[in-house]
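J.: So here's work-v3.txt (compact mmCIF, C-alpha atoms).
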```txt
# COMPACT_ATOMS: atom_id res chain seq x y z
CA MET A 26 149.33 106.44 95.94
CA GLY A 27 147.47 109.59 96.87
CA GLN A 28 143.75 110.30 97.19
CA GLY A 29 143.86 113.47 95.12
CA GLY A 30 141.73 116.36 96.32
CA TRP A 31 138.59 114.43 97.08
CA ALA A 32 139.38 112.75 100.41
CA ALA A 33 138.54 115.81 102.49
CA HIS A 34 135.10 116.04 100.90
CA PHE A 35 134.21 112.56 102.13
CA ILE A 36 134.51 113.64 105.76
CA GLU A 37 132.83 117.05 105.58
CA PRO A 38 129.93 117.46 108.03
CA LEU A 39 126.52 118.24 106.59
CA ALA A 40 126.59 121.86 107.74
CA THR A 41 129.71 122.40 105.63
CA ALA A 42 128.80 120.22 102.65
CA ASP A 43 125.27 121.61 102.22
CA PRO A 44 124.33 124.53 104.51
CA ALA A 45 120.94 125.02 102.82
CA LEU A 46 119.89 121.44 103.51
CA ALA A 47 121.28 121.60 107.04
CA ARG A 48 119.10 124.64 107.74
CA LEU A 49 116.00 122.85 106.46
CA LEU A 50 116.71 119.83 108.66
CA ALA A 51 117.17 122.13 111.64
CA ASP A 52 113.81 123.68 110.82
CA GLN A 53 112.23 120.21 110.85
CA ARG A 54 113.78 119.34 114.20
CA ARG A 55 112.50 122.62 115.61
CA GLN A 56 109.00 121.97 114.28
CA ASN A 57 109.09 118.47 115.78
CA ASP A 58 110.05 119.88 119.17
CA GLU A 59 107.44 122.64 119.15
CA THR A 60 104.34 120.74 118.06
CA VAL A 61 102.03 118.14 119.56
CA ASN A 62 102.30 115.18 117.18
CA LEU A 63 98.98 113.42 116.59
CA VAL A 64 99.83 111.94 113.18
CA ALA A 65 98.62 108.35 113.45
CA SER A 66 101.23 107.09 110.98
CA GLU A 67 104.16 108.62 112.88
CA SER A 68 106.13 107.65 115.95
CA TYR A 69 109.77 108.09 116.98
CA CYS A 70 112.63 105.82 116.05
CA CYS A 71 115.09 104.73 118.72
CA ARG A 72 118.73 105.75 118.66
CA ALA A 73 119.96 102.17 118.24
CA ALA A 74 117.99 101.71 115.00
CA LEU A 75 119.26 105.02 113.65
CA GLU A 76 122.80 103.97 114.48
CA ALA A 77 122.27 100.70 112.60
CA GLU A 78 120.96 102.63 109.58
CA ALA A 79 124.00 104.90 109.66
CA SER A 80 126.39 101.96 110.07
CA SER A 81 129.08 100.72 107.68
CA LEU A 82 126.46 98.54 105.99
CA VAL A 83 125.22 101.66 104.20
CA ASN A 84 128.04 100.98 101.73
CA LYS A 85 127.32 97.27 101.18
CA ASN A 86 125.54 95.82 98.13
CA ALA A 87 122.61 93.70 99.30
CA SER A 88 121.56 92.13 95.99
CA GLY A 89 119.79 88.80 96.29
CA TYR A 90 118.87 86.68 99.28
CA PRO A 91 121.14 84.72 101.65
CA PRO A 92 123.41 83.05 100.83
CA ARG A 93 124.72 85.79 98.50
CA ARG A 94 127.24 84.65 95.92
CA SER A 95 127.16 87.28 93.16
CA VAL A 96 128.76 90.04 95.26
CA GLY A 97 131.89 89.31 97.26
CA GLY A 98 132.08 89.78 101.00
CA GLY A 99 128.39 89.19 101.67
CA GLU A 100 128.74 86.67 104.49
CA ILE A 101 128.33 89.21 107.30
CA LEU A 102 125.28 90.75 105.66
CA ASP A 103 123.84 87.24 105.23
CA ALA A 104 124.17 86.74 108.98
CA VAL A 105 122.49 90.09 109.68
CA GLU A 106 119.58 89.29 107.37
CA ARG A 107 119.11 85.79 108.79
CA LEU A 108 119.02 87.35 112.26
CA ALA A 109 116.35 89.84 111.15
CA ILE A 110 114.27 87.08 109.53
CA ALA A 111 114.47 84.82 112.58
CA ARG A 112 113.47 87.64 114.90
CA ALA A 113 110.54 88.70 112.67
CA ARG A 114 109.23 85.14 112.46
CA THR A 115 109.43 84.72 116.23
CA LEU A 116 107.85 88.10 116.94
CA PHE A 117 104.78 87.44 114.78
CA GLN A 118 104.76 83.60 114.93
CA ALA A 119 105.20 83.35 111.17
CA GLU A 120 106.40 80.46 109.03
CA HIS A 121 108.23 82.68 106.52
CA ALA A 122 109.47 86.27 106.52
CA ASN A 123 110.90 88.66 103.92
CA ILE A 124 112.41 91.82 105.37
CA GLN A 125 113.64 93.47 102.15
CA ALA A 126 110.68 95.50 100.85
CA LEU A 127 111.62 99.13 100.27
CA SER A 128 108.15 100.24 101.36
CA SER A 129 105.10 98.60 102.87
CA THR A 130 103.14 99.41 99.71
CA ILE A 131 105.72 97.54 97.64
CA ALA A 132 105.36 94.70 100.13
CA ASN A 133 101.62 94.69 99.44
CA ILE A 134 102.13 94.55 95.68
CA ALA A 135 104.64 91.71 96.08
CA VAL A 136 102.01 89.69 97.94
CA LEU A 137 99.42 90.35 95.24
CA ARG A 138 101.81 89.55 92.39
CA GLY A 139 103.15 86.49 94.14
CA LEU A 140 99.79 84.95 94.98
CA LEU A 141 97.39 86.18 92.28
CA ALA A 142 97.12 86.23 88.51
CA PRO A 143 96.07 89.36 86.59
CA GLY A 144 92.31 89.62 86.59
CA ASP A 145 91.82 87.66 89.82
CA ARG A 146 89.17 88.97 92.18
CA ILE A 147 89.93 90.87 95.39
CA LEU A 148 87.51 91.86 98.13
CA ALA A 149 88.88 94.66 100.31
CA LEU A 150 87.78 97.40 102.71
CA ASP A 151 86.73 100.56 100.87
CA THR A 152 89.24 103.42 101.11
CA THR A 153 86.48 105.81 102.19
CA ALA A 154 85.68 103.47 105.09
CA GLY A 155 89.31 103.29 106.21
CA GLY A 156 90.98 100.95 103.69
CA HIS A 157 94.33 101.60 102.01
CA GLY A 158 94.86 102.55 98.37
CA SER A 159 97.26 99.65 97.75
CA HIS A 160 94.44 97.18 98.47
CA GLY A 161 92.78 97.77 95.11
CA GLN A 162 91.98 101.46 94.69
CA ALA A 163 91.20 102.26 91.07
CA SER A 164 93.98 104.85 90.82
CA HIS A 165 96.57 102.37 92.15
CA ILE A 166 98.25 99.55 90.24
CA SER A 167 96.52 97.03 92.51
CA GLY A 168 93.14 98.24 91.28
CA GLN A 169 94.23 98.22 87.65
CA THR A 170 95.58 94.66 87.62
CA TYR A 171 92.80 92.84 89.46
CA ARG A 172 89.02 92.86 89.69
CA VAL A 173 88.17 94.57 92.94
CA GLU A 174 85.03 94.91 95.00
CA ASN A 175 84.93 96.77 98.30
CA PHE A 176 83.11 96.15 101.52
CA GLY A 177 82.30 98.95 103.93
CA VAL A 178 81.24 99.45 107.51
CA ASP A 179 78.00 99.58 109.43
CA GLU A 180 78.35 102.96 111.13
CA ALA A 181 75.35 102.37 113.36
CA ALA A 182 76.91 99.15 114.65
CA GLY A 183 80.33 100.78 114.93
CA GLY A 184 82.44 98.71 112.57
CA ILE A 185 82.71 96.10 109.83
CA ASP A 186 79.55 94.07 109.28
CA TYR A 187 81.07 90.59 108.98
CA ALA A 188 77.78 88.97 108.03
CA ALA A 189 77.50 91.39 105.11
CA VAL A 190 81.10 90.62 104.12
CA ALA A 191 80.29 86.91 104.13
CA ASP A 192 77.26 87.47 101.89
CA GLN A 193 79.30 89.63 99.50
CA ALA A 194 82.10 87.06 99.36
CA ALA A 195 79.62 84.30 98.56
CA ARG A 196 78.30 86.35 95.65
CA PHE A 197 81.58 87.81 94.33
CA ARG A 198 83.75 84.71 94.90
CA PRO A 199 87.07 86.53 95.41
CA ARG A 200 90.42 84.83 95.09
CA MET A 201 91.66 86.96 97.98
CA ILE A 202 90.16 88.96 100.85
CA VAL A 203 92.30 91.84 102.07
CA ALA A 204 92.00 92.70 105.76
CA GLY A 205 93.67 95.93 106.75
CA ALA A 206 93.18 99.63 106.98
CA THR A 207 94.75 103.06 107.19
CA ALA A 208 91.93 104.95 108.92
CA TYR A 209 89.84 102.33 110.73
CA PRO A 210 90.00 102.89 114.51
CA LYS A 211 88.52 99.55 115.58
CA MET A 212 90.11 96.12 115.88
CA ILE A 213 89.69 93.81 112.90
CA ASP A 214 88.50 90.26 113.53
CA PHE A 215 91.05 88.41 111.41
CA ALA A 216 89.83 85.01 112.54
CA GLN A 217 86.33 85.72 111.29
CA LEU A 218 87.59 87.08 107.98
CA GLY A 219 89.76 83.98 107.68
CA ARG A 220 86.69 81.80 108.08
CA ILE A 221 84.85 83.84 105.45
CA ALA A 222 87.78 83.47 103.06
CA ALA A 223 87.95 79.74 103.61
CA SER A 224 84.22 79.38 102.97
CA VAL A 225 84.64 80.66 99.41
CA GLY A 226 88.06 79.16 98.69
CA ALA A 227 89.85 82.50 98.97
CA MET A 228 93.14 83.49 100.53
CA LEU A 229 93.32 86.00 103.38
CA PHE A 230 95.89 88.83 103.20
CA ALA A 231 96.23 91.06 106.27
CA ASP A 232 97.92 94.47 106.20
CA ILE A 233 98.69 95.43 109.81
CA ALA A 234 100.87 98.46 109.12
CA HIS A 235 99.03 100.61 111.66
CA VAL A 236 98.61 98.07 114.45
CA SER A 237 101.71 95.86 114.20
CA GLY A 238 103.18 97.28 117.41
CA LEU A 239 99.97 96.40 119.22
CA VAL A 240 100.08 92.92 117.70
CA ALA A 241 103.71 92.46 118.74
CA ALA A 242 102.76 93.49 122.27
CA GLY A 243 99.88 91.00 122.41
CA LEU A 244 97.28 93.77 122.62
CA HIS A 245 95.65 93.25 119.22
CA PRO A 246 94.68 90.02 117.44
CA ASN A 247 97.54 88.54 115.44
CA PRO A 248 96.41 87.63 111.90
CA THR A 249 99.38 85.35 111.17
CA PRO A 250 97.67 82.09 112.19
CA PHE A 251 94.68 82.84 109.95
CA ALA A 252 96.25 84.63 106.96
CA ASP A 253 98.15 83.40 103.94
CA ALA A 254 100.21 86.58 104.01
CA VAL A 255 100.67 89.54 106.35
CA THR A 256 102.46 92.83 105.75
CA THR A 257 103.44 95.77 107.90
CA SER A 258 105.51 98.90 107.78
CA THR A 259 108.31 99.29 110.31
CA HIS A 260 107.24 102.64 111.75
CA LYS A 261 103.81 103.69 113.10
CA THR A 262 103.10 101.66 116.25
CA LEU A 263 106.13 99.44 115.61
CA CYS A 264 108.24 102.53 116.41
CA GLY A 265 111.02 101.84 113.92
CA PRO A 266 112.55 103.89 111.10
CA ARG A 267 110.49 104.73 108.03
CA THR A 268 112.38 102.33 105.84
CA GLY A 269 109.94 99.94 104.27
CA GLY A 270 107.92 96.82 104.76
CA LEU A 271 107.93 93.37 106.30
CA ILE A 272 106.20 90.40 104.63
CA LEU A 273 105.12 87.37 106.63
CA SER A 274 103.52 84.33 105.03
CA LYS A 275 102.80 80.65 105.12
CA ALA A 276 105.89 78.68 104.14
CA ALA A 277 104.15 77.41 101.00
CA HIS A 278 103.91 80.98 99.67
CA GLY A 279 107.41 82.11 100.60
CA ALA A 280 109.24 81.41 97.34
CA ALA A 281 106.55 83.01 95.16
CA ILE A 282 106.40 86.17 97.27
CA ASP A 283 110.18 86.44 97.50
CA ALA A 284 110.50 86.21 93.72
CA ALA A 285 107.69 88.71 93.20
CA LEU A 286 109.51 91.21 95.40
CA SER A 287 113.04 90.67 94.09
CA PRO A 288 113.76 90.62 91.24
CA GLY A 289 110.11 91.23 90.33
CA LEU A 290 109.66 94.68 91.86
CA GLN A 291 112.99 95.90 93.18
CA ALA A 292 116.69 95.21 93.08
CA ALA A 293 118.90 95.47 96.15
CA ALA A 294 117.44 96.48 99.47
CA GLY A 295 119.57 98.68 101.70
CA ALA A 296 121.91 96.54 103.79
CA HIS A 297 121.82 99.23 106.48
CA ILE A 298 118.01 99.04 106.48
CA ILE A 299 118.19 95.28 106.98
CA ALA A 300 120.42 95.88 109.99
CA ALA A 301 117.98 98.40 111.49
CA ARG A 302 115.16 95.88 111.15
CA ALA A 303 117.22 93.19 112.86
CA LEU A 304 117.54 95.55 115.81
CA LEU A 305 113.89 96.60 115.71
CA PHE A 306 112.38 93.11 115.79
CA ASP A 307 114.34 92.30 118.93
CA TRP A 308 113.73 95.73 120.50
CA VAL A 309 109.94 95.49 120.34
CA ALA A 310 110.00 91.95 121.74
CA GLN A 311 111.13 93.27 125.13
CA PRO A 312 108.65 93.36 128.04
CA TRP A 313 108.75 97.15 128.41
CA PHE A 314 107.43 97.60 124.86
CA ALA A 315 104.15 95.94 125.82
CA GLY A 316 103.86 98.53 128.60
CA LEU A 317 104.37 101.33 126.09
CA MET A 318 101.70 99.92 123.78
CA GLY A 319 99.30 99.53 126.69
CA ARG A 320 99.74 103.22 127.45
CA VAL A 321 99.21 104.02 123.75
CA LEU A 322 95.78 102.35 123.92
CA GLU A 323 94.91 104.09 127.19
CA ASN A 324 95.90 107.46 125.77
CA ALA A 325 93.92 106.96 122.56
CA ARG A 326 90.82 106.34 124.65
CA ALA A 327 91.55 109.47 126.69
CA LEU A 328 92.03 111.52 123.52
CA ALA A 329 88.67 110.27 122.25
CA GLU A 330 87.07 111.20 125.58
CA GLY A 331 88.46 114.72 125.37
CA LEU A 332 87.08 115.17 121.87
CA ALA A 333 83.70 113.66 122.73
CA ALA A 334 83.37 115.84 125.82
CA GLU A 335 83.50 118.85 123.48
CA GLU A 336 80.84 117.19 121.31
CA LEU A 337 83.03 116.44 118.32
CA PRO A 338 81.60 113.34 116.58
CA LEU A 339 83.91 110.34 116.27
CA TYR A 340 83.90 108.00 113.28
CA LEU A 341 82.53 104.60 114.37
CA GLY A 342 81.95 105.98 117.85
CA GLY A 343 85.46 105.83 119.28
CA THR A 344 88.61 103.72 119.25
CA GLU A 345 89.98 100.26 120.05
CA THR A 346 93.49 100.99 118.77
CA HIS A 347 95.99 103.87 118.76
CA MET A 348 93.80 105.80 116.34
CA VAL A 349 90.90 108.22 116.69
CA VAL A 350 89.08 109.59 113.63
CA VAL A 351 87.06 112.79 114.03
CA ASP A 352 84.00 112.89 111.78
CA LEU A 353 83.90 116.27 110.01
CA ARG A 354 81.32 115.37 107.40
CA GLY A 355 78.89 118.20 106.94
CA THR A 356 81.44 120.86 107.89
CA ALA A 357 83.18 123.34 105.60
CA TRP A 358 86.67 122.06 106.42
CA THR A 359 89.02 121.10 103.61
CA PRO A 360 92.15 119.04 104.34
CA ALA A 361 94.47 121.94 103.50
CA ALA A 362 92.62 124.50 105.59
CA LEU A 363 92.33 122.19 108.59
CA GLY A 364 95.98 121.19 108.49
CA THR A 365 97.06 124.82 108.30
CA ARG A 366 94.89 125.86 111.23
CA LEU A 367 96.12 123.07 113.48
CA LEU A 368 99.79 123.66 112.63
CA GLU A 369 99.42 127.37 113.34
CA HIS A 370 98.30 126.45 116.85
CA GLY A 371 100.88 123.75 117.55
CA ILE A 372 99.35 120.46 116.34
CA VAL A 373 100.37 118.20 113.48
CA ALA A 374 97.77 115.66 112.33
CA SER A 375 96.46 114.20 109.09
CA THR A 376 93.12 114.10 107.32
CA THR A 377 91.39 111.14 105.71
CA ARG A 378 88.34 110.35 103.60
CA LEU A 379 85.10 109.13 105.12
CA PRO A 380 82.06 107.62 103.42
CA GLY A 381 80.14 110.37 101.61
CA ARG A 382 77.18 111.70 103.54
CA ASP A 383 77.13 115.48 103.84
CA GLY A 384 79.74 117.42 101.94
CA ALA A 385 83.19 116.11 101.06
CA GLY A 386 83.47 113.33 103.64
CA VAL A 387 86.49 114.73 105.49
CA GLY A 388 87.82 113.09 108.64
CA LEU A 389 90.66 114.06 110.95
CA ARG A 390 92.85 111.04 111.72
CA LEU A 391 94.67 111.22 115.06
CA GLY A 392 97.05 108.86 116.83
CA SER A 393 98.43 108.56 120.35
CA THR A 394 101.73 106.77 119.69
CA ALA A 395 104.07 109.73 119.23
CA MET A 396 102.95 111.73 122.27
CA THR A 397 102.90 108.60 124.42
CA ILE A 398 106.57 108.01 123.57
CA ARG A 399 107.19 111.63 124.59
CA GLY A 400 105.67 110.99 128.02
CA ALA A 401 102.18 112.47 127.69
CA ASP A 402 99.76 110.61 129.96
CA ALA A 403 96.00 110.06 129.73
CA ALA A 404 95.18 113.36 131.41
CA LEU A 405 97.27 115.27 128.90
CA HIS A 406 95.73 113.40 125.97
CA ARG A 407 92.27 114.20 127.30
CA GLU A 408 93.27 117.87 127.56
CA ILE A 409 94.76 117.83 124.06
CA GLY A 410 91.45 116.48 122.76
CA GLY A 411 89.58 119.38 124.29
CA LEU A 412 92.02 121.97 122.96
CA LEU A 413 91.91 120.44 119.48
CA ALA A 414 88.11 120.51 119.54
CA ARG A 415 88.20 124.27 120.13
CA LEU A 416 90.46 124.74 117.12
CA VAL A 417 88.35 122.51 114.88
CA ARG A 418 85.29 124.63 115.62
CA GLY A 419 87.11 127.47 113.89
CA THR A 420 85.85 130.26 116.09
CA ASP A 421 88.97 132.46 115.81
CA ASP A 422 88.32 134.03 119.18
CA PRO A 423 91.01 135.02 121.72
CA ALA A 424 90.69 131.66 123.45
CA ASP A 425 92.19 130.02 120.36
CA ALA A 426 95.48 131.79 120.97
CA ALA A 427 95.47 130.52 124.54
CA ALA A 428 94.82 126.99 123.25
CA GLY A 429 97.80 127.29 120.93
CA GLN A 430 100.02 128.52 123.74
CA ARG A 431 98.98 125.62 125.93
CA LEU A 432 99.61 123.09 123.16
CA ARG A 433 103.12 124.45 122.59
CA ARG A 434 103.77 124.24 126.32
CA ILE A 435 102.67 120.59 126.28
CA ALA A 436 105.05 119.95 123.37
CA ALA A 437 107.91 121.59 125.25
CA ASP A 438 107.15 119.61 128.40
CA CYS A 439 107.14 116.33 126.43
CA PRO A 440 110.52 116.22 124.65
CA ILE A 441 111.30 113.77 121.88
CA PRO A 442 113.72 111.13 123.25
CA PHE A 443 116.07 111.24 120.26
CA GLN A 444 115.87 112.81 116.81
CA GLY A 445 119.25 112.15 115.28
CA THR A 446 120.96 114.82 113.23
```
Let me see the structure of the file written as structure tokens.
T.:
Amino acid sequence: MGQGGWAAHFIEPLATADPALARLLADQRRQNDETVNLVASESYCCRAALEAEASSLVNKNASGYPPRRSVGGGEILDAVERLAIARARTLFQAEHANIQALSSTIANIAVLRGLLAPGDRILALDTTAGGHGSHGQASHISGQTYRVENFGVDEAAGGIDYAAVADQAARFRPRMIVAGATAYPKMIDFAQLGRIAASVGAMLFADIAHVSGLVAAGLHPNPTPFADAVTTSTHKTLCGPRTGGLILSKAAHGAAIDAALSPGLQAAAGAHIIAARALLFDWVAQPWFAGLMGRVLENARALAEGLAAEELPLYLGGTETHMVVVDLRGTAWTPAALGTRLLEHGIVASTTRLPGRDGAGVGLRLGSTAMTIRGADAALHREIGGLLARLVRGTDDPADAAAGQRLRRIAADCPIPFQGT
């Protein structure tokens, strides 16, 4: 029995099968190599996780949860998923874990759908103060299904005003308080928010997508003992592939959240993704990873010092995590113009919204994880902060070109450990 004329096509390399796409991917690798990466939501995935994602499990149907019975030959995948679940529970000291979410936002919605009824009340950090859109933003499904109020920050005090949150919770009587952020550079006191939630009969849901690597390393408070549910992405400070979300919860909530995720929101997760997560949750549990995360924190502080030395204002006064947010309220910068200018001079970063004060409320969100992985130390991060400050001022003088040349030299001197194909 022959294979016809198709067999050869199954083994063609990418450059042969799709030269146009291969060229674009080469362009991306070149950009990665030639720029200083300060995107707070990016890091670099290890080779072992990429190998797991490209393994033979890419061809396996992962419908359902272990033990799988509807698709034949699922016993090996069951073992892989049980390994991933056990490792995730141990890593974060959780009673229950679901590792199948296709994105961390889907993980968030599964928690909401599993634990709340339509119309229930949610109290969450305002997106302009650093909160995430999937925590109840009006334009997101989470804000259209539930009644949402937001709490903010006390900028003068440098963070969340927990007494004000307690007063607001007593008035609003939420069914759930959401603790988590996408552009909040300070540590969140999950224990205190847990006490506030308990005082009004609410559940606590913590989204630690940005700080989960710090939590795993013991360098940031772990919300799992205080929260009914916790979610995280697998990249950012966790340094895994961008392949979705992890849900941790109290055992009593496990069945409801599992059902809300699948079949409620998605069908089969990628079996190869499950394998990569099994590797990741063991990888970050190793002692050296805590050393990496310690350097990430040190470098974020140095980056903030470099920016502050050039008199760039910092949102909430500085950082306690991997993240630094530059306060550009009152300037003429737009996100598009700022991103273009930085990329032209060898920096990739991302913008964010800040509470309205003067102008459009633009902030520049920076992170230290990627360049720390690439070997940049505190002195280099401090220098990068100073060079970035020059570019943000927008002077367009000859010194800007020199800053760009220096930034590209830093990028070249700090190679990415592994990029894959």
J.: Between atom CA of A:His165 and atom CA of A:Thr256, measure the distance and give it in Å to one decimal.
T.: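 So the two atoms, atom CA of A:His165 and atom CA of A:Thr256, lie 17.6 Å apart.
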J.: At a cut-off of 12 Å around the point (86.5, 101.3, 120.0) (file coordinates), what residues fall inside when counting all atoms listed in the file? I'd like the answer as a PyMOL selection string.
T.: chain A and resi 182-184+209-213+322-323+325-327+329-330+339-350
J.: Applying 8 Å and only C-alpha atoms, which residues near A:Asn133 remain after dropping the ones on its own chain fewer than 5 positions away? List them as an NGL selection string.
T.: :A and (159-160 or 232 or 256)
J.: Report as a Markdown table: every residue of stretch 75-121 of chain A with an atom at most 10 Å from stretch 269-285 of chain A, its closest pair of atoms, and their distance in Å to one decimal, counting only C-alpha atoms, with rows sorted by chain and ascending residue number.
T.:
```
| residue | atom | partner | partner_atom | distance |
| --- | --- | --- | --- | --- |
| A:Gly89 | CA | A:Asp283 | CA | 10.0 |
| A:Tyr90 | CA | A:Asp283 | CA | 8.9 |
| A:Ile110 | CA | A:Leu271 | CA | 9.5 |
| A:Ala113 | CA | A:Leu273 | CA | 8.2 |
| A:Arg114 | CA | A:Leu273 | CA | 7.5 |
| A:Phe117 | CA | A:Leu273 | CA | 8.2 |
| A:Gln118 | CA | A:Leu273 | CA | 9.1 |
| A:Ala119 | CA | A:Leu273 | CA | 6.1 |
| A:Glu120 | CA | A:Ala276 | CA | 5.2 |
| A:His121 | CA | A:Ser274 | CA | 5.2 |
```
J.: Of the candidates A:Ala204, A:Leu116, A:Ala300, A:Ala241, which one gets nearest to A:Asp151 if we count all atoms listed in the file?
T.: A:Ala204
J.: What's the 12 Å shell around stretch 30-41 of chain A, counting all atoms listed in the file, without same-chain residues fewer than 4 positions away, as a list of chain:residue names?
T.: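 Result of the neighbour search: A:Ala45, A:Leu46, A:Ala47, A:Arg48, A:Leu49, A:Leu50, A:Ala51, A:Thr446.
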J.: In Å, rounded to a single decimal, give me how far atom CA of A:Ile299 is from atom CA of A:Ala74.
T.: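 Computed distance, atom CA of A:Ala74 to atom CA of A:Ile299, equals 10.3 Å.
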J.: Rounded to one decimal, what separation in Å do you get between atom CA of A:Ser88 and atom CA of A:Ala292?
T.: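 Atom CA of A:Ala292 lies 6.5 Å from atom CA of A:Ser88.
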J.: Ranking A:Ala315, A:Val105, A:Ala334, A:Leu389 by minimum distance to A:Thr359 and counting only C-alpha atoms, which one comes first?
T.: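 Under the stated criterion, the closest residue is A:Leu389.
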J.: If you count only C-alpha atoms, which residues fall within 9 Å of stretch 391-406 of chain A, apart from same-chain ones fewer than 4 positions away, as number ranges by chain?
T.: A: 61-69, 261-262, 264, 317-318, 320-331, 346-351, 374-376, 410-411, 435-436, 438-442
J.: List as a compact mmCIF listing (two decimals) with C-alpha atoms, in the coordinates of the input the protein and nucleic acid residues near A:Ser237, meaning an atom at most 7 Å away when all atoms listed in the file are counted, but skip any in the same chain fewer than 2 places from it.
T.:
```
# COMPACT_ATOMS: atom_id res chain seq x y z
CA ILE A 233 98.69 95.43 109.81
CA ALA A 234 100.87 98.46 109.12
CA HIS A 235 99.03 100.61 111.66
CA LEU A 239 99.97 96.40 119.22
CA VAL A 240 100.08 92.92 117.70
CA ALA A 241 103.71 92.46 118.74
CA THR A 257 103.44 95.77 107.90
CA THR A 262 103.10 101.66 116.25
CA LEU A 263 106.13 99.44 115.61
```
J.: If you count only C-alpha atoms, which residues fall within 12 Å of A:Gly97, apart from same-chain ones fewer than 3 positions away, as number ranges by chain?
T.: A: 85-88, 92-94, 100-103
J.: Choose the residue, out of A:Gln56, A:Ala126, A:Ala223, A:Ala216, that has the smallest atom-to-atom separation from A:Glu369; count only C-alpha atoms.
T.: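 Smallest distance to A:Glu369 is found for A:Gln56.
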J.: Counting only C-alpha atoms, which of A:Leu75, A:Ile409, A:Ile166, A:Leu305 gets nearest to A:Gly238?
T.: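 Of the candidates, the smallest distance to A:Gly238 is held by A:Leu305.
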J.: Which residue gives the smallest distance to A:Gly243 among A:Leu137, A:Gly445, A:Ala122, A:Pro312, with all atoms listed in the file counted?
T.: A:Pro312
J.: Between A:Thr377, A:Ala111, A:Arg138, A:Phe306, which is the closest to A:Gly158 once you count only C-alpha atoms?
T.: A:Thr377
J.: Counting all atoms listed in the file, write as a PyMOL selection string all protein and nucleic acid residues lying at most 6 Å from (91.2, 99.4, 104.6) in the file's frame.
T.: chain A and resi 150-152+155-157+205-207
J.: I need the residues from that last selection saved to file as a JSON list (two decimals), keeping the file's coordinate frame (with C-alpha atoms), if you can.
T.:
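Everything below was put into part_17.json:
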```
[["chain", "number", "residue", "atom", "x", "y", "z"],
["A", 150, "LEU", "CA", 87.78, 97.40, 102.71],
["A", 151, "ASP", "CA", 86.73, 100.56, 100.87],
["A", 152, "THR", "CA", 89.24, 103.42, 101.11],
["A", 155, "GLY", "CA", 89.31, 103.29, 106.21],
["A", 156, "GLY", "CA", 90.98, 100.95, 103.69],
["A", 157, "HIS", "CA", 94.33, 101.60, 102.01],
["A", 205, "GLY", "CA", 93.67, 95.93, 106.75],
["A", 206, "ALA", "CA", 93.18, 99.63, 106.98],
["A", 207, "THR", "CA", 94.75, 103.06, 107.19]]
```
